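Below: final-v1.cif (mmCIF, C-alpha atoms)
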data_my_file
loop_
_atom_site.label_atom_id
_atom_site.label_comp_id
_atom_site.auth_asym_id
_atom_site.auth_seq_id
_atom_site.Cartn_x
_atom_site.Cartn_y
_atom_site.Cartn_z
CA MET X 1038 -24.47 6.93 41.67
CA LYS X 1039 -25.08 4.13 39.17
CA ILE X 1040 -24.28 4.34 35.44
CA LEU X 1041 -25.32 1.90 32.71
CA LEU X 1042 -22.52 1.62 30.12
CA THR X 1043 -23.52 -0.10 26.88
CA THR X 1044 -21.24 1.16 24.12
CA THR X 1045 -18.83 -1.58 23.06
CA SER X 1046 -16.05 0.44 21.43
CA PHE X 1047 -15.74 2.40 24.68
CA GLN X 1048 -15.38 -0.85 26.60
CA ASP X 1049 -13.09 -2.62 24.11
CA THR X 1050 -10.49 0.14 23.64
CA PRO X 1051 -7.97 0.91 26.40
CA GLY X 1052 -7.43 4.52 27.35
CA GLU X 1053 -8.02 7.47 29.64
CA HIS X 1054 -11.80 7.25 29.23
CA HIS X 1055 -11.85 4.22 31.52
CA ASN X 1056 -10.00 6.18 34.20
CA VAL X 1057 -12.59 8.96 34.10
CA LEU X 1058 -15.33 6.51 35.07
CA GLU X 1059 -13.21 4.59 37.57
CA ASP X 1060 -12.00 7.74 39.31
CA SER X 1061 -15.59 8.91 39.78
CA GLY X 1062 -16.21 6.10 42.22
CA TYR X 1063 -19.63 5.49 40.66
CA GLU X 1064 -21.03 2.00 40.17
CA VAL X 1065 -20.78 1.09 36.48
CA VAL X 1066 -23.05 -1.63 35.12
CA LYS X 1067 -21.71 -2.92 31.79
CA ALA X 1068 -23.67 -4.45 28.91
CA ARG X 1069 -22.90 -5.12 25.25
CA GLY X 1070 -24.94 -2.90 22.97
CA PRO X 1071 -26.62 -1.91 20.81
CA LEU X 1072 -29.50 -3.11 22.98
CA THR X 1073 -33.15 -3.42 22.09
CA GLU X 1074 -35.86 -1.84 24.22
CA GLN X 1075 -36.62 -5.23 25.79
CA GLN X 1076 -32.98 -5.87 26.65
CA LEU X 1077 -32.82 -2.47 28.33
CA PHE X 1078 -35.99 -3.25 30.30
CA ASP X 1079 -34.42 -6.53 31.45
CA LEU X 1080 -31.35 -4.67 32.74
CA LEU X 1081 -33.51 -2.08 34.47
CA LYS X 1082 -35.52 -4.81 36.18
CA GLU X 1083 -32.31 -6.50 37.35
CA HIS X 1084 -30.63 -3.34 38.65
CA LYS X 1085 -33.73 -1.38 39.82
CA GLY X 1086 -32.61 1.95 38.36
CA PHE X 1087 -29.78 4.07 36.95
CA ASP X 1088 -28.70 7.65 37.60
CA GLY X 1089 -27.23 7.89 34.12
CA LEU X 1090 -26.97 6.10 30.80
CA LEU X 1091 -23.73 6.12 28.80
CA ASN X 1092 -25.04 4.61 25.61
CA GLY X 1093 -24.28 3.98 21.97
CA ASP X 1094 -27.07 3.15 19.54
CA ASP X 1095 -29.36 1.45 22.05
CA ALA X 1096 -33.13 1.94 21.78
CA ILE X 1097 -33.68 4.68 24.37
CA THR X 1098 -37.42 4.94 23.83
CA ALA X 1099 -40.08 6.99 25.60
CA LYS X 1100 -41.26 3.84 27.41
CA PHE X 1101 -37.77 3.08 28.65
CA ILE X 1102 -37.21 6.66 29.79
CA ASP X 1103 -40.49 6.53 31.72
CA ALA X 1104 -39.48 3.24 33.33
CA CYS X 1105 -36.11 4.74 34.33
CA LEU X 1106 -37.88 7.70 35.90
CA ALA X 1107 -40.01 5.29 37.92
CA GLY X 1108 -36.98 3.36 39.14
CA GLU X 1109 -34.75 3.95 42.12
CA PRO X 1110 -32.42 5.66 41.57
CA LYS X 1111 -34.31 7.80 39.05
CA LEU X 1112 -32.71 8.63 35.72
CA LYS X 1113 -30.97 12.01 35.75
CA VAL X 1114 -29.03 12.12 32.47
CA ILE X 1115 -28.50 10.37 29.11
CA ALA X 1116 -24.97 10.63 27.71
CA LYS X 1117 -24.57 9.51 24.09
CA TYR X 1118 -21.19 8.14 23.08
CA GLY X 1119 -21.26 9.82 19.66
CA ILE X 1120 -23.21 12.53 17.90
CA GLY X 1121 -26.18 10.79 16.27
CA LEU X 1122 -29.23 10.98 18.52
CA ASP X 1123 -31.84 9.18 16.39
CA SER X 1124 -31.83 6.11 18.67
CA ILE X 1125 -32.88 8.30 21.61
CA ASP X 1126 -36.33 9.82 22.06
CA VAL X 1127 -34.84 13.25 22.64
CA GLU X 1128 -38.23 14.96 22.56
CA HIS X 1129 -39.51 12.78 25.41
CA ALA X 1130 -36.30 13.25 27.38
CA THR X 1131 -36.61 17.01 26.98
CA LYS X 1132 -40.26 16.93 28.04
CA ASN X 1133 -39.14 15.23 31.25
CA LYS X 1134 -36.19 17.60 31.77
CA ILE X 1135 -33.62 14.85 31.18
CA PRO X 1136 -30.45 16.29 29.60
CA VAL X 1137 -29.17 14.44 26.55
CA LEU X 1138 -25.40 14.89 26.28
CA PHE X 1139 -23.30 14.11 23.21
CA THR X 1140 -19.77 14.37 21.79
CA PRO X 1141 -19.57 16.59 18.70
CA GLY X 1142 -16.23 17.19 17.02
CA VAL X 1143 -14.39 14.05 18.15
CA ASN X 1144 -14.66 11.68 15.18
CA ASP X 1145 -14.77 13.96 12.13
CA VAL X 1146 -11.38 12.96 10.73
CA THR X 1147 -11.83 9.26 11.42
CA VAL X 1148 -15.21 9.00 9.67
CA ALA X 1149 -13.99 11.10 6.74
CA GLU X 1150 -11.01 8.78 6.30
CA GLN X 1151 -13.35 5.77 6.28
CA ALA X 1152 -15.56 7.34 3.61
CA ILE X 1153 -12.56 8.20 1.42
CA GLY X 1154 -11.20 4.68 1.84
CA MET X 1155 -14.55 3.26 0.78
CA MET X 1156 -14.62 5.47 -2.33
CA ILE X 1157 -11.22 4.16 -3.36
CA ALA X 1158 -12.23 0.57 -2.60
CA ILE X 1159 -15.25 0.77 -4.89
CA ALA X 1160 -13.43 2.74 -7.60
CA LYS X 1161 -10.59 0.19 -7.71
CA ASP X 1162 -12.75 -2.95 -7.14
CA PHE X 1163 -10.79 -3.89 -4.02
CA TYR X 1164 -13.23 -6.47 -2.68
CA PRO X 1165 -13.56 -8.74 -5.74
CA HIS X 1166 -9.86 -8.37 -6.56
CA MET X 1167 -8.74 -9.29 -3.06
CA ARG X 1168 -11.24 -12.13 -2.80
CA ASP X 1169 -10.16 -13.61 -6.11
CA VAL X 1170 -6.43 -13.44 -5.35
CA LYS X 1171 -7.02 -15.03 -1.92
CA ASN X 1172 -8.76 -17.85 -3.80
CA GLY X 1173 -5.80 -18.28 -6.15
CA GLN X 1174 -7.41 -16.47 -9.09
CA TRP X 1175 -5.96 -13.63 -11.19
CA ASN X 1176 -9.03 -11.83 -12.52
CA ARG X 1177 -8.35 -8.19 -13.34
CA ARG X 1178 -11.03 -5.51 -13.62
CA THR X 1179 -10.56 -1.95 -14.87
CA GLY X 1180 -10.98 0.67 -12.17
CA MET X 1181 -11.58 4.41 -12.20
CA GLU X 1182 -9.65 7.42 -10.91
CA LEU X 1183 -10.92 9.87 -8.32
CA PHE X 1184 -8.93 12.68 -9.96
CA GLY X 1185 -11.15 15.03 -11.91
CA LYS X 1186 -14.37 13.48 -10.62
CA THR X 1187 -17.16 15.37 -8.85
CA ILE X 1188 -17.84 14.43 -5.24
CA GLY X 1189 -21.33 15.19 -3.96
CA ILE X 1190 -21.42 15.71 -0.19
CA VAL X 1191 -24.85 15.42 1.41
CA GLY X 1192 -24.42 17.22 4.73
CA LEU X 1193 -21.65 19.82 4.95
CA GLY X 1194 -21.20 19.56 8.70
CA ARG X 1195 -18.00 18.66 10.51
CA ILE X 1196 -17.50 15.34 8.71
CA GLY X 1197 -18.65 16.66 5.35
CA LYS X 1198 -16.11 19.46 5.60
CA GLN X 1199 -13.32 16.98 6.29
CA ILE X 1200 -14.42 15.07 3.18
CA ALA X 1201 -14.23 18.27 1.11
CA LEU X 1202 -10.71 19.06 2.33
CA ARG X 1203 -9.46 15.61 1.41
CA CYS X 1204 -11.21 15.50 -1.94
CA ASN X 1205 -9.55 18.81 -2.83
CA SER X 1206 -6.23 17.02 -2.42
CA PHE X 1207 -7.38 14.33 -4.86
CA GLY X 1208 -8.09 16.98 -7.48
CA MET X 1209 -11.83 16.44 -7.29
CA LYS X 1210 -14.58 19.01 -7.70
CA ALA X 1211 -16.64 19.25 -4.49
CA ILE X 1212 -20.34 20.06 -4.52
CA ALA X 1213 -22.52 19.91 -1.44
CA TYR X 1214 -26.07 20.08 -0.16
CA ASP X 1215 -26.91 21.24 3.34
CA PRO X 1216 -29.97 23.19 4.52
CA TYR X 1217 -27.59 25.17 6.77
CA PHE X 1218 -24.88 25.68 4.17
CA ASP X 1219 -21.63 27.21 5.44
CA GLU X 1220 -20.91 29.81 2.76
CA LYS X 1221 -17.65 30.94 4.35
CA PHE X 1222 -16.16 27.43 4.42
CA ALA X 1223 -17.41 26.73 0.92
CA LYS X 1224 -15.79 29.85 -0.49
CA GLU X 1225 -12.48 29.14 1.23
CA HIS X 1226 -12.34 25.51 0.07
CA ASN X 1227 -13.94 25.58 -3.38
CA VAL X 1228 -17.17 23.80 -2.47
CA VAL X 1229 -20.11 24.62 -4.73
CA ARG X 1230 -23.62 24.70 -3.31
CA ARG X 1231 -26.24 22.49 -4.94
CA GLU X 1232 -29.80 21.49 -4.18
CA ILE X 1233 -30.15 17.78 -3.49
CA ASN X 1234 -31.53 16.73 -6.88
CA GLU X 1235 -28.91 18.80 -8.71
CA LEU X 1236 -26.20 17.17 -6.63
CA LEU X 1237 -27.44 13.66 -7.40
CA LYS X 1238 -27.51 14.39 -11.13
CA GLU X 1239 -24.05 15.96 -11.25
CA ALA X 1240 -21.92 13.90 -8.86
CA ASP X 1241 -19.74 10.96 -9.87
CA MET X 1242 -19.62 9.95 -6.22
CA VAL X 1243 -22.15 10.74 -3.50
CA THR X 1244 -21.33 10.48 0.19
CA LEU X 1245 -23.95 10.81 2.94
CA HIS X 1246 -23.18 12.73 6.14
CA THR X 1247 -26.54 13.70 7.54
CA GLY X 1248 -28.65 12.58 10.47
CA ALA X 1249 -31.74 10.42 10.21
CA ASN X 1250 -35.01 12.35 10.44
CA GLU X 1251 -38.35 12.63 8.68
CA GLN X 1252 -36.75 14.44 5.75
CA THR X 1253 -33.77 12.13 5.27
CA ILE X 1254 -34.96 8.59 6.08
CA GLY X 1255 -35.16 6.70 2.80
CA MET X 1256 -33.82 9.67 0.84
CA ILE X 1257 -31.81 7.34 -1.40
CA ASN X 1258 -34.45 5.25 -3.11
CA LYS X 1259 -35.34 4.14 -6.64
CA ASN X 1260 -36.45 7.65 -7.58
CA SER X 1261 -33.34 9.43 -6.32
CA LEU X 1262 -31.09 6.69 -7.69
CA ALA X 1263 -32.66 7.24 -11.12
CA LEU X 1264 -31.35 10.82 -11.02
CA MET X 1265 -27.77 9.70 -10.48
CA LYS X 1266 -25.23 9.18 -13.23
CA ASP X 1267 -24.85 5.69 -14.60
CA GLY X 1268 -21.80 4.19 -12.90
CA ALA X 1269 -21.84 6.55 -9.93
CA ILE X 1270 -20.55 5.50 -6.51
CA LEU X 1271 -22.60 5.83 -3.32
CA ILE X 1272 -21.13 5.94 0.20
CA ASP X 1273 -22.98 5.94 3.54
CA THR X 1274 -21.09 6.20 6.82
CA ALA X 1275 -23.93 8.05 8.54
CA ARG X 1276 -27.14 6.07 9.14
CA GLY X 1277 -28.43 2.92 7.45
CA THR X 1278 -31.97 4.29 7.30
CA LEU X 1279 -30.91 7.01 4.85
CA ILE X 1280 -31.12 4.45 2.04
CA VAL X 1281 -33.71 1.94 0.89
CA GLU X 1282 -31.52 -1.15 0.92
CA GLU X 1283 -33.54 -3.07 -1.69
CA ASP X 1284 -33.32 -0.17 -4.14
CA VAL X 1285 -29.58 0.26 -3.67
CA ALA X 1286 -29.04 -3.48 -4.10
CA GLU X 1287 -30.96 -3.44 -7.38
CA ALA X 1288 -29.01 -0.40 -8.62
CA CYS X 1289 -25.73 -2.19 -7.92
CA LYS X 1290 -26.85 -5.42 -9.59
CA SER X 1291 -28.11 -3.59 -12.69
CA GLY X 1292 -24.97 -1.50 -13.07
CA LYS X 1293 -26.78 1.78 -12.45
CA LEU X 1294 -24.30 2.23 -9.60
CA ARG X 1295 -20.67 1.23 -9.99
CA GLY X 1296 -20.95 0.25 -6.35
CA TYR X 1297 -22.09 1.05 -2.85
CA ALA X 1298 -20.09 1.09 0.35
CA GLY X 1299 -21.72 1.46 3.74
CA ASP X 1300 -20.61 1.35 7.34
CA VAL X 1301 -24.21 1.14 8.55
CA LEU X 1302 -27.33 -0.93 8.01
CA VAL X 1303 -31.02 -0.36 8.65
CA HIS X 1304 -30.89 -3.15 11.27
CA GLU X 1305 -27.70 -3.67 13.25
CA PRO X 1306 -26.04 -6.07 13.79
CA ILE X 1307 -26.64 -7.55 10.35
CA GLN X 1308 -29.63 -9.87 10.08
CA THR X 1309 -28.84 -12.76 7.77
CA PRO X 1310 -29.53 -13.63 5.07
CA HIS X 1311 -29.11 -10.03 3.90
CA ILE X 1312 -29.76 -8.67 0.43
CA PHE X 1313 -26.23 -7.16 0.26
CA GLN X 1314 -24.28 -10.33 1.04
CA ASP X 1315 -23.93 -11.78 -2.46
CA ILE X 1316 -23.39 -8.57 -4.43
CA ASP X 1317 -19.72 -8.05 -5.31
CA ASN X 1318 -19.91 -4.29 -5.80
CA ILE X 1319 -21.34 -3.68 -2.34
CA ILE X 1320 -18.98 -3.36 0.63
CA ILE X 1321 -20.32 -3.25 4.19
CA THR X 1322 -18.30 -2.73 7.37
CA PRO X 1323 -19.79 -3.24 10.88
CA HIS X 1324 -20.31 0.40 11.96
CA ILE X 1325 -16.64 1.02 12.68
CA SER X 1326 -15.94 4.27 10.82
CA SER X 1327 -15.37 6.12 14.10
CA ARG X 1328 -13.69 3.18 15.79
CA THR X 1329 -9.99 3.99 15.84
CA ASN X 1330 -7.76 4.14 18.89
CA GLU X 1331 -7.47 7.90 18.56
CA SER X 1332 -11.14 8.60 17.96
CA VAL X 1333 -12.46 6.19 20.60
CA GLN X 1334 -10.30 7.81 23.25
CA ARG X 1335 -11.36 11.34 22.25
CA GLN X 1336 -14.99 10.32 22.10
CA GLY X 1337 -14.79 8.16 25.22
CA VAL X 1338 -13.14 10.83 27.34
CA ARG X 1339 -15.70 13.43 26.25
CA ALA X 1340 -18.65 11.09 26.87
CA ALA X 1341 -17.31 9.97 30.26
CA LYS X 1342 -16.56 13.54 31.33
CA ASN X 1343 -20.01 14.60 30.15
CA ILE X 1344 -21.84 12.17 32.41
CA VAL X 1345 -19.51 12.36 35.40
CA ASN X 1346 -19.32 16.15 35.34
CA PHE X 1347 -23.08 16.48 35.06
CA LEU X 1348 -23.71 14.13 37.98
CA GLU X 1349 -21.07 15.96 40.05
CA GLY X 1350 -22.57 19.39 39.32
CA ASN X 1351 -19.64 20.47 37.12
CA ASP X 1352 -20.83 22.47 34.09
CA ASP X 1353 -18.18 21.02 31.72
CA TYR X 1354 -20.51 18.92 29.56
CA ILE X 1355 -22.11 19.26 26.12
CA GLN X 1356 -25.90 19.14 26.05
CA ALA X 1357 -27.85 18.56 22.84
CA ASN X 1358 -31.36 19.33 24.10
CA LYS X 1359 -31.40 22.76 25.63
CA PHE X 1360 -34.30 23.56 27.97
#
What is this structure when it is put down as structure tokens?
Amino acid sequence: MKILLTTTSFQDTPGEHHNVLEDSGYEVVKARGPLTEQQLFDLLKEHKGFDGLLNGDDAITAKFIDACLAGEPKLKVIAKYGIGLDSIDVEHATKNKIPVLFTPGVNDVTVAEQAIGMMIAIAKDFYPHMRDVKNGQWNRRTGMELFGKTIGIVGLGRIGKQIALRCNSFGMKAIAYDPYFDEKFAKEHNVVRREINELLKEADMVTLHTGANEQTIGMINKNSLALMKDGAILIDTARGTLIVEEDVAEACKSGKLRGYAGDVLVHEPIQTPHIFQDIDNIIITPHISSRTNESVQRQGVRAAKNIVNFLEGNDDYIQANKF
């Protein structure tokens, strides 16, 4: 059996997840993702074929899936290291009876902590303060408290729920939008349901925790930003395509937003020059919100077990595309 491993945090972090692959005895071809479609084609040409893909945010397109099915060995399974599947043509995989495996429930706390940290960083002007002091300057700005503010959570799934729990501890009011709203959780943890436009109008801080699809791509744009409070904070640790970057940049420059913090971009890695680079009230990190020692090992072990167990005929794996 031959597996293509492309996710870098899996490769860069020591832990039990490496042992799972090594103990399988399978051949593991390693590459540094996220890879474009052409880069994947180049690897396929070099190695003839793969039984399985253990991938991050690589471009697993319909064309690439077809090419893998024409190779030798033929593709049998796609195992995503993570939960977001928008970089994979899941519909085409399903049509060809290729299971797409994923790792829900392993990085909820880690991503929630990142989002909370980003809220604090924007509220307290961490970036310009730290930059100035490093440069020998003592310029002091006036920040804002989280206490008493309204947090708007777009997507009350596993991560959104962890956000709500933590914001309760800050003394914040939590409101949330989700088409599959969990009424039981909301009642237990004082989360108030809102439609998306109501949420944008009411929230002092908005944090995005939804997947990228036809309904959500570009959902934060000049029109939705106009609904938000003046001086609101926007956080995105989900997918870069949820926002229109030019519109968010303009909102930050004009003061409509107090600031924006994102762990994701529309195009990753960053393509420079980038519109965000020279705006002080925008903070960007390189898609590392789930990249902690604890989370990588949980996620890595689950992803590795998913692919190895599937290829061995063991039913201990988590499949996203049922058929």
| task | I need the residue set behind the PyMOL selection byres ((chain X and resi 1245) around 12) for this file; please write it as JSON, numbers by chain. | result | {"X": [1148, 1149, 1152, 1153, 1156, 1188, 1189, 1190, 1191, 1192, 1193, 1194, 1196, 1197, 1198, 1200, 1213, 1214, 1215, 1233, 1236, 1237, 1242, 1243, 1244, 1246, 1247, 1248, 1249, 1253, 1254, 1255, 1256, 1257, 1270, 1271, 1272, 1273, 1274, 1275, 1276, 1277, 1278, 1279, 1280, 1297, 1298, 1299, 1300, 1301]}
| Near Ala1116 (chain X), counting only C-alpha atoms, which residues have an atom at most 9 Å away, once you skip same-chain residues fewer than 4 positions from it, shown as a list in words? | Gly1089, Leu1090, Leu1091, Asn1092, Gly1093, Pro1136, Val1137, Leu1138, Phe1139, Thr1140, Ala1340, Ala1341, Asn1343, Ile1344 and Gln1356 of chain X
Atoms kept (C-alpha atoms) for selection, written as a PDB file, keeping the file's coordinate frame:
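And here's selection35.pdb as it stands now:
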ATOM      1  CA  GLY X1089     -27.230   7.890  34.120  1.00  0.00           C
ATOM      2  CA  LEU X1090     -26.970   6.100  30.800  1.00  0.00           C
ATOM      3  CA  LEU X1091     -23.730   6.120  28.800  1.00  0.00           C
ATOM      4  CA  ASN X1092     -25.040   4.610  25.610  1.00  0.00           C
ATOM      5  CA  GLY X1093     -24.280   3.980  21.970  1.00  0.00           C
ATOM      6  CA  PRO X1136     -30.450  16.290  29.600  1.00  0.00           C
ATOM      7  CA  VAL X1137     -29.170  14.440  26.550  1.00  0.00           C
ATOM      8  CA  LEU X1138     -25.400  14.890  26.280  1.00  0.00           C
ATOM      9  CA  PHE X1139     -23.300  14.110  23.210  1.00  0.00           C
ATOM     10  CA  THR X1140     -19.770  14.370  21.790  1.00  0.00           C
ATOM     11  CA  ALA X1340     -18.650  11.090  26.870  1.00  0.00           C
ATOM     12  CA  ALA X1341     -17.310   9.970  30.260  1.00  0.00           C
ATOM     13  CA  ASN X1343     -20.010  14.600  30.150  1.00  0.00           C
ATOM     14  CA  ILE X1344     -21.840  12.170  32.410  1.00  0.00           C
ATOM     15  CA  GLN X1356     -25.900  19.140  26.050  1.00  0.00           C
TER      16      GLN X1356
END
| said: Between CA of Lys1085 (chain X) and CA of Val1066 (chain X), what is the distance in Å, rounded to a tenth? | reply: 11.7 Å
| field | Ground truth for the PyMOL selection byres ((chain X and resi 1074) around 8), written as a list in words | value | Leu1072, Thr1073, Gln1075, Gln1076, Leu1077, Phe1078, Asp1095, Ala1096, Ile1097, Thr1098 and Phe1101 of chain X
| task | Given the file shown, enumerate the residues that the PyMOL selection byres ((chain X and resi 1283) around 10) captures and present them as a list in words. | result |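 This file, filtered by the PyMOL selection byres ((chain X and resi 1283) around 10), leaves Asn1258, Lys1259, Ile1280, Val1281, Glu1282, Asp1284, Val1285, Ala1286, Glu1287, Ala1288, His1311, Ile1312 and Phe1313 of chain X.
Minimum atom-to-atom distances from X:Asn1318, X:Lys1039, X:Gln1308, X:Thr1044 to Arg1178 (chain X) were compared using only C-alpha atoms, and the lowest value belongs to X:Asn1318.
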I'd like the box whose edges run along x, y and z of the file and which contains every listed atom of region 1144-1162 of chain X, padded by 8 Å per side; could you state its centre and edge lengths in Å, one decimal, as JSON?
{"center_x": -13.1, "center_y": 5.5, "center_z": 3.7, "size_x": 21.0, "size_y": 32.9, "size_z": 38.9}
Considering all atoms listed in the file, return as a PDB file with C-alpha atoms, in the frame of the given file whatever protein or nucleic-acid residues lie within 9 Å of region 1358-1360 of chain X, sequence-local ones (same chain, fewer than 6 positions apart) excluded.
ATOM      1  CA  VAL X1127     -34.840  13.250  22.640  1.00  0.00           C
ATOM      2  CA  GLU X1128     -38.230  14.960  22.560  1.00  0.00           C
ATOM      3  CA  ALA X1130     -36.300  13.250  27.380  1.00  0.00           C
ATOM      4  CA  THR X1131     -36.610  17.010  26.980  1.00  0.00           C
ATOM      5  CA  LYS X1132     -40.260  16.930  28.040  1.00  0.00           C
ATOM      6  CA  LYS X1134     -36.190  17.600  31.770  1.00  0.00           C
ATOM      7  CA  ILE X1135     -33.620  14.850  31.180  1.00  0.00           C
ATOM      8  CA  PRO X1136     -30.450  16.290  29.600  1.00  0.00           C
ATOM      9  CA  VAL X1137     -29.170  14.440  26.550  1.00  0.00           C
ATOM     10  CA  LEU X1138     -25.400  14.890  26.280  1.00  0.00           C
TER      11      LEU X1138
END
| Counting all atoms listed in the file, which of X:Thr1187, X:Asn1144, X:Ser1046, X:Gln1252 gets nearest to Pro1216 (chain X)? |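 Closest to Pro1216 (chain X), using all atoms listed in the file: X:Gln1252.
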| said: So the first atom is CA of His1166 (chain X) and the second is CA of Glu1305 (chain X); what is the distance between them in Å, to one decimal place? | reply: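 These atoms are spaced 27.1 Å apart.
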